[in-house]
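Comments concern the structure below.
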There are 2 protein chains.
Amino acid sequence: MISLDHVHDPKPEDFPSELEGLRMTKQRREVLAVILGERDHPTANDVFVRAKDRMPTISLATVYNCLEALVSHQIVRQVNFERESSRYCPNLSDHCHFQDEESGKIHDVVFKDGVKLEDFLELPQGTEISHLEISLKGQFGTQK
Amino acid sequence: MISLDHVHDPKPEDFPSELEGLRMTKQRREVLAVILGERDHPTANDVFVRAKDRMPTISLATVYNCLEALVSHQIVRQVNFERESSRYCPNLSDHCHFQDEESGKIHDVVFKDGVKLEDFLELPQGTEISHLEISLKGQFGTQK
DNA sequence: ATCATAATTAGAATAATTCCAAATTTTGGC
DNA sequence: GCCAAAATTTGGAATTATTCTAATTATGAT
């Protein structure tokens with residue numbers, strides 16, 4: 001797994017021609033650059049609007065295609081809050097999401113050091129987790 | 001908060017004319033009875049199909065209306081897995097959901113005794129959680 | 001019973017996402 | 001570089017879950 005989380009304000013040209021076995025086409029590069037650029041958990045449509053700045057010919061269908069390719073190759077993460085439209089996040093480390101109800105902003109929330117899921121959930125032996133999503137809403141604190 | 005989780009195979013007539021400040025109409029009773037009856041986390045459409053057995057004139061719009069009324073009055077819970085259609089759960093106790101990828105079945109998963117969210121998440125001081133959803137997918141174990 | 005309010009209904013509308021088939025681009029072999 | 005095959009992109013149509021709308025019906029209070 002390659003984490004690009006540290007890459008800020010990247011140009012599409014910064015990416016190699018292949019990432020995680022996925023061919024990085026112009027469009028995929030652009031979509032990835034958008035997601036790494038402004039880390040506000042944009043929706044597919046947000047990505048589309050932003051990508052058009054640099055690449056006016058890109059289509060929404062392509063944005064969806066690129067997002068699905070990036071997600072399935074674990075280059076970005078798909079984030080859901082209830083039935084709202086999906087959002088996209090370049091942070092691949094173990095974390096979950098908090099949506100502040102006042103501002104609408106989404107914050108990454110990390111686990112306390114060393115805690116594992118099995119420590120707090122009553123799961124039967126032999127359970128294999130392939131996907132986990134934790135979504136919180138409320139007022140996000142200011143201090144600490 | 002009134003938990004009806006222990007009520008199995010209820011008839012619609014079993015419910016009082018008001019619950020949690022919500023007027024229990026014929027349709028709301030029926031929808032609630034369906035959800036308490038077969039606890040397989042049905043979708044709105046599943047509820048609609050089942051409710052029609054006893055009440056052939058009920059409409060899908062009404063099922064959606066009833067579900068939203070029951071959810072907002074905290075009589076049932078709405079459950080989401082990524083962008084799949086919402087499901088409904090009569091268990092109001094603190095728990096989360098595991099979807100077995102082989103069978104498609106959804107299991108309730110409880111927290112280990114005494115664990116609190118704040119124990120495993122790094123949340124800033126002053127954070128107020130109004131809504132929490134934890135969804136897991138994978139192979140659900142058989143033992144224990 | 002009358003009235004005002006709330007709930008139900010069928011069908012239309014919406015929004016996010018996926019599908020489709022054609023056009024374009026990329027790739028690897030020569 | 002040239003060509004065929006494969007992959008990707010594109011615009012638009014289709015799909016799906018859900019919400020909205022406007023008309024009808026039921027309810028509860030007086």
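Scheme for the structure tokens: letters A, B, ... for chains in order shown; per-chain residue numbers from 1; ligand numbers from 1 in order shown.
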
At a cut-off of 9 Å, which residues of chain A touch chain C? Count only C-alpha atoms (C1' of nucleotides) and give the answer as a PyMOL selection string. chain A and resi 61+64+84-86

Output file for the residues above (C-alpha atoms, as a PDB file, in the first residue's frame):
ATOM      1  CA  ALA A  61     -18.682   9.678 -15.886  1.00  0.00           C
ATOM      2  CA  TYR A  64     -16.775   8.323 -11.343  1.00  0.00           C
ATOM      3  CA  GLU A  84     -25.354  11.328   1.639  1.00  0.00           C
ATOM      4  CA  SER A  85     -23.298  11.205  -1.504  1.00  0.00           C
ATOM      5  CA  SER A  86     -19.937   9.536  -1.109  1.00  0.00           C
TER       6      SER A  86
END

Please return the superposed copy of chain B as a CSV table (one decimal) with N, CA and C atoms, in the first residue's frame; the fit should be least squares onto chain A across all sequentially paired Cα atoms.
chain,number,residue,atom,x,y,z
B,1,MET,N,0.9,-1.2,-0.1
B,1,MET,CA,0.0,0.0,0.0
B,1,MET,C,0.9,1.2,0.0
B,2,ILE,N,0.5,2.1,-0.9
B,2,ILE,CA,1.3,3.4,-1.0
B,2,ILE,C,0.5,4.5,-0.5
B,3,SER,N,1.0,5.2,0.5
B,3,SER,CA,0.2,6.3,1.0
B,3,SER,C,0.7,7.6,0.4
B,4,LEU,N,-0.2,8.4,-0.1
B,4,LEU,CA,0.2,9.7,-0.7
B,4,LEU,C,-0.3,10.8,0.2
B,5,ASP,N,-0.6,10.4,1.4
B,5,ASP,CA,-1.2,11.4,2.3
B,5,ASP,C,-0.3,12.6,2.6
B,6,HIS,N,1.0,12.4,2.5
B,6,HIS,CA,1.9,13.5,2.8
B,6,HIS,C,2.1,14.5,1.7
B,7,VAL,N,1.6,14.1,0.5
B,7,VAL,CA,1.8,14.9,-0.7
B,7,VAL,C,0.8,16.0,-0.7
B,8,HIS,N,1.3,17.3,-0.6
B,8,HIS,CA,0.3,18.4,-0.7
B,8,HIS,C,0.5,19.2,-1.9
B,9,ASP,N,-0.6,19.7,-2.4
B,9,ASP,CA,-0.7,20.5,-3.6
B,9,ASP,C,0.1,19.9,-4.8
B,10,PRO,N,-0.2,18.7,-5.1
B,10,PRO,CA,0.6,18.1,-6.2
B,10,PRO,C,0.1,18.5,-7.5
B,11,LYS,N,1.0,18.5,-8.5
B,11,LYS,CA,0.6,18.6,-9.9
B,11,LYS,C,0.3,17.2,-10.4
B,12,PRO,N,-0.6,17.1,-11.4
B,12,PRO,CA,-0.9,15.8,-11.9
B,12,PRO,C,0.4,15.1,-12.5
B,13,GLU,N,1.4,16.0,-12.9
B,13,GLU,CA,2.6,15.4,-13.5
B,13,GLU,C,3.5,14.7,-12.5
B,14,ASP,N,3.2,15.0,-11.2
B,14,ASP,CA,4.0,14.4,-10.2
B,14,ASP,C,3.8,12.9,-10.1
B,15,PHE,N,2.8,12.3,-10.6
B,15,PHE,CA,2.6,10.9,-10.4
B,15,PHE,C,3.2,10.0,-11.5
B,16,PRO,N,3.7,8.9,-11.1
B,16,PRO,CA,4.3,8.0,-12.1
B,16,PRO,C,3.2,7.4,-13.0
B,17,SER,N,3.6,6.7,-14.0
B,17,SER,CA,2.6,6.2,-15.0
B,17,SER,C,1.8,5.0,-14.5
B,18,GLU,N,2.2,4.5,-13.3
B,18,GLU,CA,1.5,3.4,-12.7
B,18,GLU,C,1.6,3.5,-11.2
B,19,LEU,N,0.5,3.2,-10.6
B,19,LEU,CA,0.5,3.2,-9.1
B,19,LEU,C,-0.4,2.0,-8.6
B,20,GLU,N,0.2,1.2,-7.8
B,20,GLU,CA,-0.5,0.1,-7.3
B,20,GLU,C,-1.1,-0.8,-8.4
B,21,GLY,N,-0.4,-0.9,-9.4
B,21,GLY,CA,-0.9,-1.7,-10.5
B,21,GLY,C,-2.0,-1.0,-11.4
B,22,LEU,N,-2.2,0.3,-11.1
B,22,LEU,CA,-3.2,1.0,-11.8
B,22,LEU,C,-2.6,2.0,-12.8
B,23,ARG,N,-2.9,1.9,-14.0
B,23,ARG,CA,-2.4,2.8,-15.0
B,23,ARG,C,-2.8,4.2,-14.7
B,24,MET,N,-1.9,5.1,-14.6
B,24,MET,CA,-2.3,6.5,-14.2
B,24,MET,C,-2.4,7.3,-15.5
B,25,THR,N,-3.6,7.4,-15.9
B,25,THR,CA,-4.0,8.2,-17.1
B,25,THR,C,-4.0,9.7,-16.7
B,26,LYS,N,-4.1,10.5,-17.7
B,26,LYS,CA,-4.2,12.0,-17.5
B,26,LYS,C,-5.4,12.2,-16.5
B,27,GLN,N,-6.5,11.6,-16.8
B,27,GLN,CA,-7.7,11.9,-15.9
B,27,GLN,C,-7.5,11.4,-14.5
B,28,ARG,N,-7.0,10.2,-14.4
B,28,ARG,CA,-6.8,9.6,-13.0
B,28,ARG,C,-5.8,10.5,-12.2
B,29,ARG,N,-4.8,10.9,-12.9
B,29,ARG,CA,-3.8,11.8,-12.3
B,29,ARG,C,-4.5,13.1,-11.8
B,30,GLU,N,-5.3,13.7,-12.6
B,30,GLU,CA,-6.0,14.9,-12.3
B,30,GLU,C,-6.9,14.7,-11.1
B,31,VAL,N,-7.7,13.6,-11.1
B,31,VAL,CA,-8.7,13.3,-10.0
B,31,VAL,C,-7.9,13.1,-8.7
B,32,LEU,N,-6.8,12.4,-8.8
B,32,LEU,CA,-6.0,12.2,-7.6
B,32,LEU,C,-5.4,13.5,-7.1
B,33,ALA,N,-4.9,14.3,-8.0
B,33,ALA,CA,-4.4,15.6,-7.6
B,33,ALA,C,-5.4,16.5,-6.9
B,34,VAL,N,-6.6,16.4,-7.4
B,34,VAL,CA,-7.7,17.2,-6.8
B,34,VAL,C,-7.9,16.7,-5.3
B,35,ILE,N,-7.9,15.4,-5.2
B,35,ILE,CA,-8.2,14.8,-3.8
B,35,ILE,C,-7.1,15.1,-2.9
B,36,LEU,N,-5.8,15.1,-3.4
B,36,LEU,CA,-4.7,15.4,-2.5
B,36,LEU,C,-4.6,16.9,-2.3
B,37,GLY,N,-5.1,17.6,-3.2
B,37,GLY,CA,-4.9,19.1,-3.1
B,37,GLY,C,-5.7,19.7,-1.9
B,38,GLU,N,-7.0,19.8,-2.1
B,38,GLU,CA,-7.9,20.3,-1.1
B,38,GLU,C,-8.5,19.1,-0.3
B,39,ARG,N,-8.1,19.0,0.9
B,39,ARG,CA,-8.4,17.8,1.6
B,39,ARG,C,-9.7,17.9,2.4
B,40,ASP,N,-10.7,18.3,1.7
B,40,ASP,CA,-12.0,18.6,2.5
B,40,ASP,C,-13.0,17.5,2.2
B,41,HIS,N,-12.6,16.3,1.8
B,41,HIS,CA,-13.5,15.2,1.6
B,41,HIS,C,-14.5,15.5,0.5
B,42,PRO,N,-14.1,15.9,-0.7
B,42,PRO,CA,-15.0,16.3,-1.7
B,42,PRO,C,-15.9,15.1,-2.2
B,43,THR,N,-17.1,15.4,-2.7
B,43,THR,CA,-17.9,14.4,-3.3
B,43,THR,C,-17.5,14.3,-4.8
B,44,ALA,N,-18.0,13.3,-5.5
B,44,ALA,CA,-17.7,13.1,-6.9
B,44,ALA,C,-17.9,14.4,-7.7
B,45,ASN,N,-19.0,15.0,-7.4
B,45,ASN,CA,-19.3,16.2,-8.1
B,45,ASN,C,-18.3,17.3,-7.8
B,46,ASP,N,-18.0,17.5,-6.5
B,46,ASP,CA,-16.9,18.4,-6.2
B,46,ASP,C,-15.7,18.2,-7.0
B,47,VAL,N,-15.3,16.9,-7.0
B,47,VAL,CA,-14.0,16.6,-7.7
B,47,VAL,C,-14.2,17.0,-9.2
B,48,PHE,N,-15.3,16.7,-9.8
B,48,PHE,CA,-15.6,17.0,-11.2
B,48,PHE,C,-15.4,18.5,-11.4
B,49,VAL,N,-16.1,19.3,-10.6
B,49,VAL,CA,-16.0,20.7,-10.7
B,49,VAL,C,-14.5,21.2,-10.7
B,50,ARG,N,-13.8,20.7,-9.7
B,50,ARG,CA,-12.4,21.2,-9.5
B,50,ARG,C,-11.5,20.7,-10.6
B,51,ALA,N,-11.8,19.4,-11.1
B,51,ALA,CA,-10.9,18.9,-12.1
B,51,ALA,C,-11.1,19.7,-13.4
B,52,LYS,N,-12.3,20.2,-13.6
B,52,LYS,CA,-12.5,20.9,-14.9
B,52,LYS,C,-11.7,22.2,-15.0
B,53,ASP,N,-11.2,22.7,-13.9
B,53,ASP,CA,-10.4,23.9,-14.0
B,53,ASP,C,-9.2,23.7,-14.9
B,54,ARG,N,-8.5,22.6,-14.6
B,54,ARG,CA,-7.3,22.2,-15.4
B,54,ARG,C,-7.6,21.4,-16.6
B,55,MET,N,-8.7,20.7,-16.6
B,55,MET,CA,-9.0,19.8,-17.7
B,55,MET,C,-10.5,19.9,-18.0
B,56,PRO,N,-10.8,20.9,-18.8
B,56,PRO,CA,-12.2,21.3,-19.1
B,56,PRO,C,-13.0,20.2,-19.8
B,57,THR,N,-12.3,19.3,-20.4
B,57,THR,CA,-13.0,18.3,-21.2
B,57,THR,C,-13.4,17.0,-20.4
B,58,ILE,N,-12.9,17.0,-19.1
B,58,ILE,CA,-13.2,15.7,-18.3
B,58,ILE,C,-14.7,15.6,-18.1
B,59,SER,N,-15.2,14.4,-18.1
B,59,SER,CA,-16.7,14.2,-17.9
B,59,SER,C,-16.9,13.7,-16.5
B,60,LEU,N,-18.2,13.8,-16.1
B,60,LEU,CA,-18.5,13.3,-14.7
B,60,LEU,C,-18.4,11.8,-14.7
B,61,ALA,N,-18.8,11.2,-15.8
B,61,ALA,CA,-18.7,9.7,-15.9
B,61,ALA,C,-17.2,9.3,-15.6
B,62,THR,N,-16.3,10.0,-16.2
B,62,THR,CA,-14.9,9.7,-16.1
B,62,THR,C,-14.5,9.9,-14.6
B,63,VAL,N,-14.9,11.0,-14.0
B,63,VAL,CA,-14.6,11.2,-12.6
B,63,VAL,C,-15.1,10.0,-11.8
B,64,TYR,N,-16.3,9.5,-12.0
B,64,TYR,CA,-16.8,8.3,-11.3
B,64,TYR,C,-15.9,7.1,-11.6
B,65,ASN,N,-15.6,6.9,-12.9
B,65,ASN,CA,-14.7,5.8,-13.2
B,65,ASN,C,-13.3,5.9,-12.5
B,66,CYS,N,-12.8,7.1,-12.5
B,66,CYS,CA,-11.4,7.3,-11.9
B,66,CYS,C,-11.5,7.0,-10.4
B,67,LEU,N,-12.6,7.6,-9.8
B,67,LEU,CA,-12.7,7.4,-8.4
B,67,LEU,C,-12.8,5.9,-8.0
B,68,GLU,N,-13.6,5.2,-8.8
B,68,GLU,CA,-13.8,3.8,-8.5
B,68,GLU,C,-12.4,3.0,-8.7
B,69,ALA,N,-11.7,3.4,-9.7
B,69,ALA,CA,-10.4,2.8,-9.9
B,69,ALA,C,-9.4,3.1,-8.8
B,70,LEU,N,-9.4,4.4,-8.4
B,70,LEU,CA,-8.5,4.8,-7.3
B,70,LEU,C,-8.9,4.1,-6.0
B,71,VAL,N,-10.2,4.0,-5.7
B,71,VAL,CA,-10.7,3.3,-4.5
B,71,VAL,C,-10.3,1.9,-4.5
B,72,SER,N,-10.6,1.2,-5.6
B,72,SER,CA,-10.4,-0.3,-5.7
B,72,SER,C,-8.9,-0.6,-5.6
B,73,HIS,N,-8.1,0.3,-6.0
B,73,HIS,CA,-6.7,0.1,-5.9
B,73,HIS,C,-6.1,0.6,-4.7
B,74,GLN,N,-7.0,1.0,-3.8
B,74,GLN,CA,-6.5,1.5,-2.4
B,74,GLN,C,-5.6,2.7,-2.5
B,75,ILE,N,-5.9,3.6,-3.4
B,75,ILE,CA,-5.1,4.8,-3.4
B,75,ILE,C,-5.8,5.9,-2.7
B,76,VAL,N,-7.1,5.9,-2.8
B,76,VAL,CA,-7.9,6.8,-2.0
B,76,VAL,C,-9.0,6.0,-1.3
B,77,ARG,N,-9.7,6.6,-0.3
B,77,ARG,CA,-10.7,6.0,0.4
B,77,ARG,C,-12.1,6.6,0.2
B,78,GLN,N,-13.1,5.8,0.1
B,78,GLN,CA,-14.4,6.3,0.0
B,78,GLN,C,-15.1,6.5,1.3
B,79,VAL,N,-15.7,7.6,1.6
B,79,VAL,CA,-16.3,7.9,2.9
B,79,VAL,C,-17.8,8.1,2.8
B,80,ASN,N,-18.5,7.5,3.7
B,80,ASN,CA,-20.0,7.7,3.6
B,80,ASN,C,-20.5,8.2,4.9
B,81,PHE,N,-21.5,9.1,4.8
B,81,PHE,CA,-22.3,9.5,6.0
B,81,PHE,C,-23.7,9.2,5.7
B,82,GLU,N,-24.2,8.2,6.3
B,82,GLU,CA,-25.6,7.8,6.1
B,82,GLU,C,-25.9,7.7,4.6
B,83,ARG,N,-26.9,8.4,4.1
B,83,ARG,CA,-27.2,8.2,2.6
B,83,ARG,C,-26.7,9.4,1.8
B,84,GLU,N,-25.9,10.2,2.4
B,84,GLU,CA,-25.3,11.3,1.6
B,84,GLU,C,-24.4,10.8,0.5
B,85,SER,N,-24.1,11.7,-0.4
B,85,SER,CA,-23.3,11.2,-1.5
B,85,SER,C,-21.9,10.9,-1.0
B,86,SER,N,-21.2,10.0,-1.6
B,86,SER,CA,-19.9,9.5,-1.1
B,86,SER,C,-18.9,10.6,-1.2
B,87,ARG,N,-18.0,10.6,-0.3
B,87,ARG,CA,-16.9,11.6,-0.3
B,87,ARG,C,-15.6,10.8,-0.5
B,88,TYR,N,-14.5,11.5,-0.8
B,88,TYR,CA,-13.2,10.8,-1.0
B,88,TYR,C,-12.1,11.4,-0.2
B,89,CYS,N,-11.2,10.6,0.3
B,89,CYS,CA,-10.2,10.9,1.3
B,89,CYS,C,-8.9,10.3,0.9
B,90,PRO,N,-7.8,11.1,0.9
B,90,PRO,CA,-6.5,10.5,0.6
B,90,PRO,C,-5.8,9.9,1.7
B,91,ASN,N,-6.3,10.0,2.9
B,91,ASN,CA,-5.7,9.5,4.1
B,91,ASN,C,-6.0,8.0,4.3
B,92,LEU,N,-5.0,7.1,4.0
B,92,LEU,CA,-5.2,5.7,4.1
B,92,LEU,C,-5.0,5.1,5.5
B,93,SER,N,-4.5,5.9,6.4
B,93,SER,CA,-4.2,5.3,7.7
B,93,SER,C,-5.5,5.0,8.4
B,94,ASP,N,-5.4,4.2,9.4
B,94,ASP,CA,-6.6,3.8,10.1
B,94,ASP,C,-7.3,5.0,10.8
B,95,HIS,N,-8.4,5.4,10.3
B,95,HIS,CA,-9.1,6.5,11.0
B,95,HIS,C,-10.5,6.5,10.6
B,96,CYS,N,-11.3,7.3,11.3
B,96,CYS,CA,-12.7,7.4,11.0
B,96,CYS,C,-13.1,8.9,10.8
B,97,HIS,N,-14.4,9.1,10.6
B,97,HIS,CA,-14.8,10.5,10.2
B,97,HIS,C,-15.9,11.1,11.0
B,98,PHE,N,-15.7,12.4,11.3
B,98,PHE,CA,-16.6,13.1,12.1
B,98,PHE,C,-17.1,14.3,11.3
B,99,GLN,N,-18.4,14.4,11.2
B,99,GLN,CA,-19.0,15.5,10.5
B,99,GLN,C,-19.5,16.5,11.5
B,100,ASP,N,-19.0,17.7,11.5
B,100,ASP,CA,-19.5,18.7,12.4
B,100,ASP,C,-20.8,19.3,11.8
B,101,GLU,N,-21.8,19.2,12.6
B,101,GLU,CA,-23.1,19.5,12.1
B,101,GLU,C,-23.3,21.0,11.9
B,102,GLU,N,-22.5,21.8,12.6
B,102,GLU,CA,-22.7,23.3,12.4
B,102,GLU,C,-22.0,23.7,11.1
B,103,SER,N,-20.7,23.3,10.9
B,103,SER,CA,-20.0,23.8,9.7
B,103,SER,C,-20.1,22.9,8.5
B,104,GLY,N,-20.6,21.6,8.8
B,104,GLY,CA,-20.6,20.6,7.7
B,104,GLY,C,-19.2,20.0,7.4
B,105,LYS,N,-18.2,20.6,8.0
B,105,LYS,CA,-16.8,20.1,7.8
B,105,LYS,C,-16.6,18.7,8.3
B,106,ILE,N,-15.8,17.9,7.6
B,106,ILE,CA,-15.5,16.6,8.0
B,106,ILE,C,-14.1,16.5,8.5
B,107,HIS,N,-13.9,15.9,9.7
B,107,HIS,CA,-12.6,15.8,10.3
B,107,HIS,C,-12.2,14.3,10.4
B,108,ASP,N,-10.9,14.0,10.2
B,108,ASP,CA,-10.4,12.7,10.4
B,108,ASP,C,-10.2,12.5,11.9
B,109,VAL,N,-10.6,11.3,12.4
B,109,VAL,CA,-10.4,11.0,13.8
B,109,VAL,C,-9.6,9.7,13.9
B,110,VAL,N,-8.5,9.8,14.7
B,110,VAL,CA,-7.7,8.6,14.8
B,110,VAL,C,-8.0,7.8,16.0
B,111,PHE,N,-7.6,6.5,16.0
B,111,PHE,CA,-7.8,5.7,17.2
B,111,PHE,C,-6.7,6.0,18.2
B,112,LYS,N,-7.0,5.8,19.5
B,112,LYS,CA,-6.0,6.0,20.5
B,112,LYS,C,-5.0,4.9,20.3
B,113,ASP,N,-3.8,5.3,20.7
B,113,ASP,CA,-2.6,4.4,20.5
B,113,ASP,C,-2.9,2.9,20.9
B,114,GLY,N,-2.7,2.0,20.0
B,114,GLY,CA,-2.7,0.6,20.3
B,114,GLY,C,-4.1,0.0,20.4
B,115,VAL,N,-5.1,0.7,20.3
B,115,VAL,CA,-6.4,0.0,20.4
B,115,VAL,C,-6.8,-0.7,19.1
B,116,LYS,N,-7.3,-1.9,19.3
B,116,LYS,CA,-7.8,-2.7,18.2
B,116,LYS,C,-9.3,-2.9,18.3
B,117,LEU,N,-9.9,-3.1,17.1
B,117,LEU,CA,-11.3,-3.3,17.1
B,117,LEU,C,-11.8,-4.4,18.0
B,118,GLU,N,-11.0,-5.5,18.0
B,118,GLU,CA,-11.4,-6.7,18.7
B,118,GLU,C,-11.4,-6.4,20.2
B,119,ASP,N,-10.7,-5.3,20.6
B,119,ASP,CA,-10.7,-4.9,22.0
B,119,ASP,C,-12.0,-4.3,22.5
B,120,PHE,N,-12.8,-3.8,21.6
B,120,PHE,CA,-14.0,-3.2,22.1
B,120,PHE,C,-15.3,-3.7,21.5
B,121,LEU,N,-15.2,-4.6,20.5
B,121,LEU,CA,-16.4,-5.2,20.0
B,121,LEU,C,-16.4,-6.7,20.3
B,122,GLU,N,-17.6,-7.2,20.5
B,122,GLU,CA,-17.9,-8.6,20.9
B,122,GLU,C,-18.1,-9.3,19.6
B,123,LEU,N,-17.0,-9.8,19.0
B,123,LEU,CA,-17.1,-10.5,17.7
B,123,LEU,C,-16.9,-12.0,17.9
B,124,PRO,N,-17.6,-12.8,17.2
B,124,PRO,CA,-17.4,-14.3,17.4
B,124,PRO,C,-16.1,-14.7,16.8
B,125,GLN,N,-15.5,-15.7,17.4
B,125,GLN,CA,-14.2,-16.2,16.9
B,125,GLN,C,-14.3,-16.6,15.4
B,126,GLY,N,-13.2,-16.3,14.7
B,126,GLY,CA,-13.2,-16.6,13.3
B,126,GLY,C,-13.7,-15.5,12.4
B,127,THR,N,-14.1,-14.4,13.0
B,127,THR,CA,-14.6,-13.3,12.2
B,127,THR,C,-13.5,-12.6,11.5
B,128,GLU,N,-13.7,-12.4,10.2
B,128,GLU,CA,-12.7,-11.7,9.4
B,128,GLU,C,-13.3,-10.4,8.9
B,129,ILE,N,-12.7,-9.3,9.2
B,129,ILE,CA,-13.2,-8.0,8.8
B,129,ILE,C,-12.6,-7.6,7.5
B,130,SER,N,-13.4,-7.3,6.5
B,130,SER,CA,-12.8,-6.8,5.3
B,130,SER,C,-13.0,-5.4,5.1
B,131,HIS,N,-13.9,-4.8,5.8
B,131,HIS,CA,-14.2,-3.4,5.6
B,131,HIS,C,-14.9,-2.9,6.9
B,132,LEU,N,-14.4,-1.7,7.3
B,132,LEU,CA,-14.9,-1.1,8.5
B,132,LEU,C,-15.1,0.4,8.2
B,133,GLU,N,-16.3,0.9,8.7
B,133,GLU,CA,-16.5,2.3,8.5
B,133,GLU,C,-17.2,2.9,9.8
B,134,ILE,N,-16.5,3.9,10.4
B,134,ILE,CA,-17.1,4.5,11.6
B,134,ILE,C,-17.4,6.0,11.2
B,135,SER,N,-18.6,6.4,11.4
B,135,SER,CA,-19.0,7.8,11.0
B,135,SER,C,-19.7,8.4,12.2
B,136,LEU,N,-19.2,9.6,12.5
B,136,LEU,CA,-19.8,10.3,13.7
B,136,LEU,C,-20.3,11.7,13.2
B,137,LYS,N,-21.3,12.1,13.9
B,137,LYS,CA,-21.8,13.5,13.7
B,137,LYS,C,-22.0,14.1,15.0
B,138,GLY,N,-22.0,15.4,15.0
B,138,GLY,CA,-22.2,16.2,16.2
B,138,GLY,C,-21.4,17.5,16.2
B,139,GLN,N,-21.1,18.0,17.4
B,139,GLN,CA,-20.2,19.2,17.4
B,139,GLN,C,-18.8,18.8,17.6
B,140,PHE,N,-18.0,19.1,16.7
B,140,PHE,CA,-16.6,18.8,16.9
B,140,PHE,C,-15.9,19.8,17.8
B,141,GLY,N,-15.2,19.3,18.8
B,141,GLY,CA,-14.6,20.1,19.8
B,141,GLY,C,-13.5,21.0,19.2
B,142,THR,N,-13.1,22.0,20.0
B,142,THR,CA,-12.1,22.9,19.5
B,142,THR,C,-10.7,22.7,20.1
B,143,GLN,N,-10.7,22.3,21.4
B,143,GLN,CA,-9.4,22.2,22.1
B,143,GLN,C,-8.8,20.9,21.9
B,144,LYS,N,-7.4,20.8,22.3
B,144,LYS,CA,-6.6,19.6,22.3
B,144,LYS,C,-6.2,19.1,20.9

Taking only segment 43-142 of chain B into account, list the residues labelled strand (DSSP E or B) by DSSP (computed from the backbone), as a ChimeraX atom specification. /B:43,77-79,87-89,95-100,106-111,121,125,128-139

Please build the interface table for chain D against chain B with a cut-off of 9 Å, listing for each qualifying residue the nearest atom pair and the distance in Å to one decimal; count only C-alpha atoms (C1' of nucleotides), order rows by chain and increasing number, and write it as JSON lines.
{"residue": "D:DA17", "atom": "C1'", "partner": "B:Ser85", "partner_atom": "CA", "distance": 6.5}
{"residue": "D:DT18", "atom": "C1'", "partner": "B:Tyr64", "partner_atom": "CA", "distance": 8.3}
{"residue": "D:DT19", "atom": "C1'", "partner": "B:Ala61", "partner_atom": "CA", "distance": 9.0}

If you keep N, CA and C atoms (P, O5', C5', C4', C3', O3' and C1' of nucleotides), can you produce a file of those selected residues as a PDB file, in the first residue's frame?
ATOM      1  P    DA D  17     -33.159   0.152  -5.191  1.00  0.00           P
ATOM      2  O5'  DA D  17     -33.122   1.340  -4.133  1.00  0.00           O
ATOM      3  C5'  DA D  17     -31.867   1.843  -3.703  1.00  0.00           C
ATOM      4  C4'  DA D  17     -32.087   3.214  -3.118  1.00  0.00           C
ATOM      5  C3'  DA D  17     -33.173   3.238  -2.044  1.00  0.00           C
ATOM      6  O3'  DA D  17     -32.614   3.842  -0.891  1.00  0.00           O
ATOM      7  C1'  DA D  17     -33.600   4.882  -3.728  1.00  0.00           C
ATOM      8  P    DT D  18     -33.484   4.053   0.390  1.00  0.00           P
ATOM      9  O5'  DT D  18     -34.136   5.480   0.090  1.00  0.00           O
ATOM     10  C5'  DT D  18     -33.247   6.568  -0.167  1.00  0.00           C
ATOM     11  C4'  DT D  18     -34.043   7.783  -0.593  1.00  0.00           C
ATOM     12  C3'  DT D  18     -35.143   8.180   0.382  1.00  0.00           C
ATOM     13  O3'  DT D  18     -34.723   9.398   0.995  1.00  0.00           O
ATOM     14  C1'  DT D  18     -35.821   8.386  -1.888  1.00  0.00           C
ATOM     15  P    DT D  19     -35.700  10.194   1.977  1.00  0.00           P
ATOM     16  O5'  DT D  19     -36.383  11.255   0.982  1.00  0.00           O
ATOM     17  C5'  DT D  19     -35.537  12.087   0.188  1.00  0.00           C
ATOM     18  C4'  DT D  19     -36.413  13.040  -0.589  1.00  0.00           C
ATOM     19  C3'  DT D  19     -37.428  13.800   0.261  1.00  0.00           C
ATOM     20  O3'  DT D  19     -37.300  15.147  -0.154  1.00  0.00           O
ATOM     21  C1'  DT D  19     -38.505  12.727  -1.553  1.00  0.00           C
TER      22       DT D  19
END
